[in-house]
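Q: File upload.txt follows (compact mmCIF, C-alpha atoms and all ligand atoms):
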# COMPACT_ATOMS: atom_id res chain seq x y z
CA MET A 245 52.97 -25.85 -18.92
CA SER A 246 49.67 -27.56 -19.49
CA LEU A 247 47.12 -27.66 -16.70
CA THR A 248 45.04 -30.62 -15.57
CA LEU A 249 41.30 -30.11 -15.26
CA ASP A 250 41.65 -29.87 -11.48
CA GLU A 251 44.38 -27.27 -11.84
CA ALA A 252 42.18 -25.31 -14.26
CA ARG A 253 39.33 -25.38 -11.72
CA ALA A 254 41.70 -24.21 -9.00
CA LEU A 255 42.80 -21.33 -11.23
CA HIS A 256 39.16 -20.32 -11.81
CA ASP A 257 38.64 -20.28 -8.02
CA GLU A 258 41.56 -17.96 -7.61
CA ILE A 259 40.91 -15.42 -10.39
CA CYS A 260 37.74 -13.71 -11.68
CA VAL A 261 36.36 -15.49 -14.75
CA LEU A 262 33.90 -13.38 -16.76
CA ASP A 263 31.87 -13.99 -19.89
CA LEU A 264 30.70 -11.06 -22.00
CA HIS A 265 27.60 -12.41 -23.66
CA ALA A 266 24.77 -14.83 -22.87
CA ASP A 267 21.16 -14.47 -23.99
CA THR A 268 19.65 -16.23 -20.96
CA ALA A 269 17.46 -13.32 -19.78
CA LYS A 270 15.24 -13.71 -22.84
CA LEU A 271 14.58 -17.33 -21.85
CA MET A 272 13.80 -16.17 -18.32
CA ASP A 273 11.32 -13.61 -19.64
CA LYS A 274 9.67 -15.66 -22.38
CA LEU A 275 9.88 -19.24 -21.11
CA GLY A 276 9.98 -18.75 -17.35
CA TYR A 277 13.46 -20.31 -17.37
CA ASP A 278 14.56 -20.60 -13.74
CA LEU A 279 18.17 -19.46 -13.47
CA ALA A 280 18.55 -21.19 -10.10
CA LEU A 281 17.78 -24.68 -11.40
CA ARG A 282 20.24 -26.96 -13.12
CA HIS A 283 18.89 -27.53 -16.62
CA GLU A 284 19.65 -30.62 -18.56
CA ARG A 285 20.40 -29.94 -22.19
CA PRO A 286 16.97 -29.89 -23.80
CA LEU A 287 18.11 -30.93 -27.27
CA PRO A 288 20.74 -33.26 -28.76
CA ARG A 289 24.22 -31.74 -28.72
CA ARG A 290 24.41 -30.92 -32.39
CA MET A 291 21.25 -28.80 -32.10
CA SER A 292 21.70 -27.63 -28.51
CA VAL A 293 21.12 -23.93 -29.15
CA PHE A 294 19.98 -22.83 -25.69
CA GLY A 295 19.83 -24.01 -22.09
CA HIS A 296 23.57 -23.45 -21.62
CA VAL A 297 23.59 -21.22 -18.53
CA ASP A 298 22.17 -21.40 -14.99
CA LEU A 299 23.50 -20.68 -11.51
CA PRO A 300 24.56 -24.25 -10.65
CA ARG A 301 26.49 -24.56 -13.91
CA LEU A 302 28.01 -21.07 -13.60
CA ARG A 303 29.39 -22.26 -10.27
CA GLU A 304 30.55 -25.54 -11.75
CA GLY A 305 32.34 -23.64 -14.52
CA GLY A 306 34.09 -21.44 -11.97
CA VAL A 307 32.55 -18.28 -13.41
CA ALA A 308 32.66 -15.14 -11.26
CA GLY A 309 30.62 -12.89 -13.52
CA GLN A 310 28.19 -13.29 -16.40
CA PHE A 311 27.03 -10.52 -18.71
CA PHE A 312 23.36 -11.04 -19.55
CA SER A 313 22.69 -9.55 -22.94
CA PHE A 314 19.18 -8.26 -23.61
CA TRP A 315 18.21 -8.74 -27.24
CA THR A 316 15.08 -7.72 -29.05
CA ASN A 317 13.38 -8.64 -32.26
CA PRO A 318 15.05 -5.98 -34.38
CA TYR A 319 12.29 -5.36 -36.89
CA PRO A 320 10.20 -3.29 -36.70
CA GLU A 321 11.93 -0.89 -34.33
CA ARG A 322 8.94 -0.97 -31.99
CA GLY A 323 8.34 -2.57 -28.62
CA CYS A 324 12.11 -3.01 -28.26
CA THR A 325 12.53 -0.75 -25.22
CA ARG A 326 9.73 -2.63 -23.46
CA SER A 327 11.33 -5.96 -24.34
CA VAL A 328 14.64 -4.93 -22.72
CA VAL A 329 12.74 -3.72 -19.65
CA ARG A 330 11.04 -7.12 -19.38
CA GLN A 331 14.39 -8.92 -19.55
CA LEU A 332 15.79 -6.59 -16.87
CA ASP A 333 12.70 -7.31 -14.77
CA ALA A 334 13.23 -11.06 -15.20
CA LEU A 335 16.83 -10.77 -14.01
CA ASP A 336 15.82 -8.51 -11.10
CA ALA A 337 13.17 -11.05 -10.10
CA ALA A 338 15.75 -13.87 -10.11
CA MET A 339 17.98 -11.72 -7.93
CA ALA A 340 15.17 -10.97 -5.51
CA ARG A 341 14.45 -14.70 -5.19
CA HIS A 342 18.09 -15.69 -4.74
CA PRO A 343 19.88 -12.77 -3.05
CA ALA A 344 22.54 -15.02 -1.55
CA GLU A 345 23.40 -16.50 -4.94
CA LEU A 346 23.23 -13.69 -7.48
CA ALA A 347 24.17 -10.00 -7.32
CA TRP A 348 23.87 -7.08 -9.75
CA THR A 349 27.32 -5.67 -10.40
CA ARG A 350 28.67 -2.76 -12.40
CA THR A 351 32.37 -2.47 -11.54
CA GLY A 352 35.41 -4.66 -11.18
CA ALA A 353 35.24 -4.05 -7.43
CA ASP A 354 31.58 -5.19 -7.40
CA VAL A 355 32.51 -8.41 -9.23
CA ARG A 356 35.35 -9.14 -6.82
CA ALA A 357 33.09 -8.44 -3.83
CA ALA A 358 30.36 -10.72 -5.19
CA LYS A 359 32.89 -13.50 -5.65
CA ALA A 360 34.25 -13.03 -2.14
CA ALA A 361 30.68 -13.30 -0.82
CA GLY A 362 30.04 -16.49 -2.79
CA ARG A 363 27.61 -14.85 -5.21
CA ILE A 364 27.60 -14.98 -9.00
CA ALA A 365 28.03 -11.46 -10.38
CA ALA A 366 25.42 -10.49 -12.95
CA LEU A 367 26.16 -7.70 -15.40
CA GLY A 368 23.87 -6.29 -18.07
CA GLY A 369 24.30 -5.45 -21.74
CA ILE A 370 22.00 -4.64 -24.64
CA GLU A 371 22.26 -6.19 -28.09
CA GLY A 372 21.05 -3.80 -30.75
CA GLY A 373 20.42 -0.04 -30.73
CA GLN A 374 16.81 -0.63 -31.73
CA ALA A 375 16.32 -0.99 -27.96
CA LEU A 376 16.42 2.81 -27.81
CA GLU A 377 13.61 3.20 -30.36
CA GLY A 378 15.37 6.37 -31.49
CA GLN A 379 15.37 7.95 -28.01
CA LEU A 380 18.80 8.79 -26.60
CA ASP A 381 17.22 9.26 -23.14
CA ALA A 382 16.78 5.50 -23.02
CA ILE A 383 20.57 5.08 -22.57
CA GLU A 384 20.53 6.85 -19.20
CA ALA A 385 17.40 4.98 -18.11
CA PHE A 386 19.00 1.62 -18.99
CA ALA A 387 22.30 2.63 -17.36
CA ARG A 388 20.46 3.40 -14.14
CA ARG A 389 19.01 -0.11 -14.19
CA GLY A 390 22.46 -1.66 -14.50
CA VAL A 391 23.16 -1.89 -18.23
CA ARG A 392 26.91 -1.63 -18.79
CA TYR A 393 27.20 -2.05 -22.54
CA LEU A 394 25.20 -1.15 -25.59
CA GLY A 395 25.68 -3.14 -28.78
CA LEU A 396 24.88 -0.50 -31.39
CA LEU A 397 23.66 -3.00 -34.01
CA HIS A 398 22.21 -6.47 -34.30
CA PHE A 399 20.87 -8.20 -37.38
CA SER A 400 19.18 -5.25 -39.08
CA ALA A 401 19.68 -1.57 -39.75
CA ASN A 402 18.42 0.68 -36.97
CA ALA A 403 18.38 4.39 -36.19
CA LEU A 404 22.06 4.23 -35.16
CA GLY A 405 23.66 2.48 -38.14
CA ARG A 406 23.96 -0.55 -40.36
CA PRO A 407 24.66 -4.17 -39.51
CA ALA A 408 27.52 -6.30 -40.87
CA LYS A 409 24.80 -8.33 -42.58
CA GLY A 410 21.03 -8.57 -42.52
CA ARG A 411 18.10 -6.34 -43.34
CA GLY A 412 19.29 -2.89 -44.43
CA ALA A 413 22.99 -3.83 -44.61
CA ASP A 414 25.01 -1.31 -46.65
CA PRO A 415 28.81 -1.28 -46.39
CA ALA A 416 28.93 2.31 -47.65
CA GLN A 417 26.89 3.71 -44.74
CA GLY A 418 28.46 4.27 -41.33
CA LEU A 419 26.91 5.54 -38.13
CA THR A 420 23.98 7.94 -38.46
CA ALA A 421 24.02 11.31 -36.68
CA LEU A 422 21.94 9.66 -33.94
CA GLY A 423 24.43 6.79 -33.80
CA ARG A 424 27.25 9.27 -33.20
CA ASP A 425 25.24 10.97 -30.46
CA ALA A 426 24.56 7.54 -28.96
CA VAL A 427 28.31 6.87 -28.64
CA ARG A 428 28.73 10.17 -26.79
CA GLU A 429 25.69 9.51 -24.61
CA CYS A 430 26.99 6.06 -23.70
CA GLU A 431 30.21 7.62 -22.47
CA ARG A 432 28.28 10.21 -20.47
CA CYS A 433 26.26 7.44 -18.80
CA GLY A 434 29.05 4.93 -18.16
CA VAL A 435 27.86 2.52 -20.84
CA ILE A 436 30.56 0.69 -22.81
CA VAL A 437 30.11 0.79 -26.58
CA ASP A 438 29.85 -2.75 -28.00
CA LEU A 439 30.83 -3.12 -31.65
CA ALA A 440 29.60 -6.68 -32.29
CA HIS A 441 27.39 -7.02 -35.40
CA ILE A 442 28.07 -3.49 -36.70
CA ASN A 443 29.40 -3.03 -40.23
CA ARG A 444 33.05 -2.12 -40.77
CA ARG A 445 32.39 1.51 -41.62
CA GLY A 446 30.27 2.03 -38.50
CA PHE A 447 32.88 0.19 -36.44
CA PHE A 448 35.55 2.72 -37.34
CA ASP A 449 33.14 5.67 -37.05
CA ALA A 450 32.42 4.65 -33.45
CA LEU A 451 36.09 4.13 -32.62
CA GLU A 452 36.99 7.52 -34.01
CA LEU A 453 34.52 9.15 -31.63
CA ALA A 454 35.27 6.97 -28.62
CA THR A 455 37.34 8.47 -25.82
CA LEU A 456 36.87 5.41 -23.57
CA PRO A 457 37.67 1.72 -24.20
CA PRO A 458 35.11 -0.11 -26.37
CA MET A 459 34.43 -3.82 -26.60
CA VAL A 460 33.32 -6.37 -29.13
CA SER A 461 31.25 -8.57 -26.84
CA HIS A 462 31.04 -11.67 -29.07
CA THR A 463 32.76 -12.33 -32.38
CA GLY A 464 35.15 -14.55 -34.28
CA VAL A 465 38.16 -13.29 -36.22
CA LEU A 466 38.68 -13.29 -39.98
CA GLY A 467 42.34 -14.20 -39.55
CA VAL A 468 41.21 -17.70 -38.57
CA HIS A 469 37.88 -18.18 -40.32
CA ALA A 470 36.39 -16.27 -43.26
CA HIS A 471 32.85 -15.42 -42.23
CA TRP A 472 30.94 -12.14 -42.61
CA ARG A 473 30.28 -12.10 -38.86
CA ASN A 474 34.00 -12.01 -37.97
CA ILE A 475 36.31 -9.00 -37.65
CA ASP A 476 39.66 -8.38 -39.32
CA ASP A 477 43.14 -7.62 -38.01
CA GLU A 478 42.82 -3.87 -38.53
CA GLN A 479 39.67 -3.88 -36.42
CA LEU A 480 41.46 -5.87 -33.69
CA ARG A 481 44.36 -3.43 -33.62
CA ALA A 482 41.96 -0.47 -33.53
CA VAL A 483 40.22 -1.91 -30.45
CA ALA A 484 43.65 -2.49 -28.84
CA ASP A 485 44.64 1.13 -29.54
CA LYS A 486 41.58 2.27 -27.57
CA GLY A 487 42.30 -0.06 -24.66
CA GLY A 488 39.27 -2.25 -25.36
CA CYS A 489 38.65 -5.99 -25.39
CA VAL A 490 37.22 -8.58 -27.77
CA GLY A 491 35.13 -11.55 -26.60
CA ILE A 492 35.56 -14.67 -28.71
CA ILE A 493 32.27 -16.41 -29.45
CA PHE A 494 31.68 -20.14 -28.85
CA ALA A 495 29.66 -20.78 -32.01
CA ARG A 496 30.74 -23.44 -34.47
CA ARG A 497 29.64 -21.55 -37.53
CA PHE A 498 31.66 -18.43 -36.73
CA LEU A 499 34.67 -20.38 -35.43
CA GLY A 500 34.73 -22.54 -38.54
CA SER A 501 35.04 -25.78 -36.57
CA ALA A 502 33.34 -27.90 -33.91
CA SER A 503 36.60 -28.30 -31.99
CA ILE A 504 37.31 -26.51 -28.71
CA ASP A 505 40.74 -25.81 -30.22
CA ALA A 506 39.05 -23.46 -32.69
CA VAL A 507 38.20 -21.15 -29.77
CA VAL A 508 41.88 -21.31 -28.80
CA ASP A 509 42.89 -20.51 -32.41
CA HIS A 510 40.70 -17.38 -32.43
CA LEU A 511 41.96 -16.24 -29.00
CA LEU A 512 45.61 -16.80 -29.99
CA HIS A 513 45.08 -14.86 -33.20
CA VAL A 514 43.80 -11.91 -31.17
CA ILE A 515 46.96 -12.10 -29.05
CA ASP A 516 49.22 -12.34 -32.12
CA VAL A 517 47.64 -9.33 -33.80
CA ALA A 518 46.56 -7.09 -30.91
CA GLY A 519 48.37 -8.33 -27.79
CA GLU A 520 47.34 -10.19 -24.68
CA ASP A 521 45.38 -7.27 -23.21
CA VAL A 522 42.59 -7.67 -25.79
CA PRO A 523 41.14 -11.22 -25.81
CA ALA A 524 38.17 -12.17 -23.65
CA LEU A 525 35.31 -14.68 -23.57
CA GLY A 526 32.05 -13.88 -25.36
CA SER A 527 30.30 -17.23 -25.43
CA ASP A 528 26.89 -16.23 -26.86
CA PHE A 529 25.48 -19.10 -24.79
CA ASP A 530 21.69 -19.35 -25.03
CA GLY A 531 21.92 -17.30 -28.23
CA PHE A 532 20.82 -19.99 -30.67
CA VAL A 533 24.39 -21.02 -31.38
CA VAL A 534 25.85 -24.52 -31.33
CA PRO A 535 28.96 -24.51 -29.10
CA PRO A 536 32.05 -26.62 -29.87
CA ILE A 537 32.50 -30.15 -28.57
CA GLY A 538 33.84 -30.00 -25.03
CA LEU A 539 32.35 -26.56 -24.45
CA GLU A 540 28.68 -27.51 -24.53
CA ASP A 541 27.63 -25.31 -21.65
CA VAL A 542 29.05 -22.89 -19.12
CA ALA A 543 29.94 -25.73 -16.72
CA ALA A 544 32.49 -26.94 -19.28
CA LEU A 545 34.50 -23.71 -19.25
CA PRO A 546 37.53 -25.19 -17.40
CA ASN A 547 38.05 -27.39 -20.50
CA LEU A 548 38.87 -24.23 -22.44
CA THR A 549 41.41 -23.21 -19.80
CA VAL A 550 43.06 -26.64 -20.15
CA ALA A 551 43.04 -26.33 -23.96
CA LEU A 552 44.64 -22.86 -23.79
CA SER A 553 47.34 -24.08 -21.41
CA ARG A 554 48.15 -26.97 -23.75
CA ARG A 555 48.83 -24.44 -26.48
CA GLY A 556 51.36 -22.64 -24.30
CA VAL A 557 49.25 -19.89 -22.75
CA GLY A 558 50.78 -19.18 -19.34
CA PRO A 559 49.03 -18.20 -16.10
CA ARG A 560 49.35 -14.44 -16.59
CA ALA A 561 47.79 -14.47 -20.06
CA LEU A 562 45.15 -16.98 -18.90
CA GLU A 563 44.05 -14.63 -16.17
CA LYS A 564 43.69 -11.80 -18.71
CA ILE A 565 41.77 -13.87 -21.27
CA LEU A 566 39.45 -15.44 -18.72
CA GLY A 567 38.38 -12.15 -17.16
CA GLY A 568 41.24 -9.77 -16.40
CA ASN A 569 40.85 -7.81 -19.62
CA VAL A 570 37.12 -7.35 -19.02
CA LEU A 571 37.76 -6.16 -15.45
CA ARG A 572 40.24 -3.64 -16.82
CA VAL A 573 37.65 -2.24 -19.24
CA LEU A 574 35.01 -2.13 -16.48
CA ASP A 575 37.42 -0.09 -14.39
CA ALA A 576 38.36 2.18 -17.29
CA VAL A 577 34.74 3.09 -18.12
CA PRO A 578 33.39 4.44 -14.81
CA ALA A 579 30.04 2.84 -14.04
CA TRP A 580 28.06 6.04 -13.65
CA GLY A 581 30.03 7.98 -16.24
CA ARG A 582 29.32 11.67 -15.66
CA LEU A 583 25.92 10.97 -14.09
CA ALA A 584 25.51 11.69 -10.41
CA SER A 585 25.92 8.29 -8.77
CA PRO A 586 22.92 7.42 -6.59
CA SER A 587 25.09 6.36 -3.63
ZN ZN B 601 24.82 -11.57 -31.33
Take the structure from the file and write it as structure tokens.
A:
Amino acid sequence: MSLTLDEARALHDEICVLDLHADTAKLMDKLGYDLALRHERPLPRRMSVFGHVDLPRLREGGVAGQFFSFWTNPYPERGCTRSVVRQLDALDAAMARHPAELAWTRTGADVRAAKAAGRIAALGGIEGGQALEGQLDAIEAFARRGVRYLGLLHFSANALGRPAKGRGADPAQGLTALGRDAVRECERCGVIVDLAHINRRGFFDALELATLPPMVSHTGVLGVHAHWRNIDDEQLRAVADKGGCVGIIFARRFLGSASIDAVVDHLLHVIDVAGEDVPALGSDFDGFVVPPIGLEDVAALPNLTVALSRRGVGPRALEKILGGNVLRVLDAVPAWGRLASPS
């Protein structure tokens, strides 16, 4: 049964909608981007690569929780820890200025409580293991500041492993010894392992070690569009076997089309191959990507819900795709891991 836009908005009000990946904190740190202001799109649509997310538009899109992903210039592997700290500081500062609007969250219960209190739930993730600068201790320090996932790789090789493509790519090399230790340390500290951007060999190395559900925070799938950035059916099934989730990216070049229906195609492929407990949203908003038509910013998210319903996705699967699967993973990977919780 297809939903009207109003019905889609009503559904978003009722459930918890979560997105796994937006690069907004870098804009806040570097450009003084004010998360509390509504930003008009700064560039024409076809080149609108950032300015997709702010609090008014998160509300308009019916989003309960947004993962802010902290990315760093991956080469050289220096100054990266400091860069993540600055992005965390920028998000903390926004929260201090707008405590009634924005709340740090770590767990499914936190997200639900924030929503009930009328606040947008902010969650943290890191994109690229270069953020550790080779120091495993950094994982605990970041976890204590609220980081809930660590993307092991980004666009270049780092001390943990090799990227799917980019500087230092090598399909024959998997995780390094430090990369393996990083997976274990993440689990100790309650940090979810994010397998976006990692090469295939490293992907399976990490899954073999993982005892807790992993995620792929933002990706397309090869079953729909052949692109080096996308993951294949075996990878999808392997994530499903570990109880993880896969966020589908809203980037034309990885989707293979400028149509909002391409996002639906990728999500439905995940369901076909790995089941309805796996798909999630991983927009990559503000990450120098051009989103599809009809999904230009986070305010437009209910359009995707309408598009999914038109393709036969029912309310139960919609709830899982839009946030339920992410909540499940948040609950399955305890926020403080085996660290002593501060509370
Ligand atoms: Zn990325």
Q: What residues of the protein or nucleic acid chains come within 8 Å of ligand ZN 601 (chain B) when you use all atoms listed in the file? Reply as an MDAnalysis selection string.
A: chainID A and resid 371 398:399 440:441 462 528 531
Q: With only C-alpha atoms as the atoms that count, which of A:Asp541, A:Glu284, A:Asp509, A:Glu478 lies nearest to Phe448 in chain A?
A: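 Ranking A:Asp541, A:Glu284, A:Asp509, A:Glu478 by distance to Phe448 in chain A, first place goes to A:Glu478.
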Q: Need the shell around range 551-554 of chain A: protein/DNA/RNA residues with any atom at most 7 Å away, counting all atoms listed in the file. Skip same-chain ones fewer than 2 positions apart. Format as an NGL selection string?
A: :A and (245-247 or 505 or 508 or 547-549 or 556-558)
Q: Rounded to one decimal place, report the CA of Glu452 in chain A-CA of Phe312 in chain A distance in Å.
A: 27.2 Å
Q: Smallest atom-to-atom distance to Asp381 in chain A: which of A:Leu249, A:Ala421, A:Cys430, A:Leu451, using only C-alpha atoms?
A: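 Between A:Leu249, A:Ala421, A:Cys430, A:Leu451, the residue approaching Asp381 in chain A most closely is A:Cys430.
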Q: Could range 563-574 of chain A be completed with N, CA, C and O atoms and written as a PDB file, keeping the file's coordinate frame, please?
A:
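Output file selection_22.pdb is given in full below:
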ATOM      1  N   GLU A 563      44.846 -15.481 -17.048  1.00  0.00           N
ATOM      2  CA  GLU A 563      44.050 -14.630 -16.170  1.00  0.00           C
ATOM      3  C   GLU A 563      43.431 -13.464 -16.954  1.00  0.00           C
ATOM      4  O   GLU A 563      42.274 -13.096 -16.738  1.00  0.00           O
ATOM      5  N   LYS A 564      44.215 -12.918 -17.900  1.00  0.00           N
ATOM      6  CA  LYS A 564      43.690 -11.800 -18.710  1.00  0.00           C
ATOM      7  C   LYS A 564      42.568 -12.252 -19.625  1.00  0.00           C
ATOM      8  O   LYS A 564      41.536 -11.594 -19.744  1.00  0.00           O
ATOM      9  N   ILE A 565      42.777 -13.376 -20.315  1.00  0.00           N
ATOM     10  CA  ILE A 565      41.770 -13.870 -21.270  1.00  0.00           C
ATOM     11  C   ILE A 565      40.478 -14.222 -20.539  1.00  0.00           C
ATOM     12  O   ILE A 565      39.377 -13.925 -20.990  1.00  0.00           O
ATOM     13  N   LEU A 566      40.621 -14.895 -19.410  1.00  0.00           N
ATOM     14  CA  LEU A 566      39.450 -15.440 -18.720  1.00  0.00           C
ATOM     15  C   LEU A 566      38.627 -14.377 -17.996  1.00  0.00           C
ATOM     16  O   LEU A 566      37.494 -14.649 -17.593  1.00  0.00           O
ATOM     17  N   GLY A 567      39.177 -13.175 -17.841  1.00  0.00           N
ATOM     18  CA  GLY A 567      38.380 -12.150 -17.160  1.00  0.00           C
ATOM     19  C   GLY A 567      39.131 -10.856 -16.868  1.00  0.00           C
ATOM     20  O   GLY A 567      38.521  -9.802 -16.752  1.00  0.00           O
ATOM     21  N   GLY A 568      40.455 -10.945 -16.777  1.00  0.00           N
ATOM     22  CA  GLY A 568      41.240  -9.770 -16.400  1.00  0.00           C
ATOM     23  C   GLY A 568      41.063  -8.599 -17.362  1.00  0.00           C
ATOM     24  O   GLY A 568      40.972  -7.442 -16.932  1.00  0.00           O
ATOM     25  N   ASN A 569      40.991  -8.903 -18.649  1.00  0.00           N
ATOM     26  CA  ASN A 569      40.850  -7.810 -19.620  1.00  0.00           C
ATOM     27  C   ASN A 569      39.484  -7.139 -19.505  1.00  0.00           C
ATOM     28  O   ASN A 569      39.362  -5.918 -19.674  1.00  0.00           O
ATOM     29  N   VAL A 570      38.459  -7.927 -19.207  1.00  0.00           N
ATOM     30  CA  VAL A 570      37.120  -7.350 -19.020  1.00  0.00           C
ATOM     31  C   VAL A 570      37.101  -6.476 -17.762  1.00  0.00           C
ATOM     32  O   VAL A 570      36.562  -5.364 -17.775  1.00  0.00           O
ATOM     33  N   LEU A 571      37.707  -6.957 -16.690  1.00  0.00           N
ATOM     34  CA  LEU A 571      37.760  -6.160 -15.450  1.00  0.00           C
ATOM     35  C   LEU A 571      38.457  -4.828 -15.705  1.00  0.00           C
ATOM     36  O   LEU A 571      38.037  -3.793 -15.192  1.00  0.00           O
ATOM     37  N   ARG A 572      39.519  -4.882 -16.522  1.00  0.00           N
ATOM     38  CA  ARG A 572      40.240  -3.640 -16.820  1.00  0.00           C
ATOM     39  C   ARG A 572      39.331  -2.637 -17.529  1.00  0.00           C
ATOM     40  O   ARG A 572      39.299  -1.451 -17.204  1.00  0.00           O
ATOM     41  N   VAL A 573      38.554  -3.130 -18.515  1.00  0.00           N
ATOM     42  CA  VAL A 573      37.650  -2.240 -19.240  1.00  0.00           C
ATOM     43  C   VAL A 573      36.556  -1.715 -18.313  1.00  0.00           C
ATOM     44  O   VAL A 573      36.192  -0.531 -18.353  1.00  0.00           O
ATOM     45  N   LEU A 574      36.035  -2.579 -17.441  1.00  0.00           N
ATOM     46  CA  LEU A 574      35.010  -2.130 -16.480  1.00  0.00           C
ATOM     47  C   LEU A 574      35.555  -1.005 -15.598  1.00  0.00           C
ATOM     48  O   LEU A 574      34.845  -0.055 -15.265  1.00  0.00           O
TER      49      LEU A 574
END
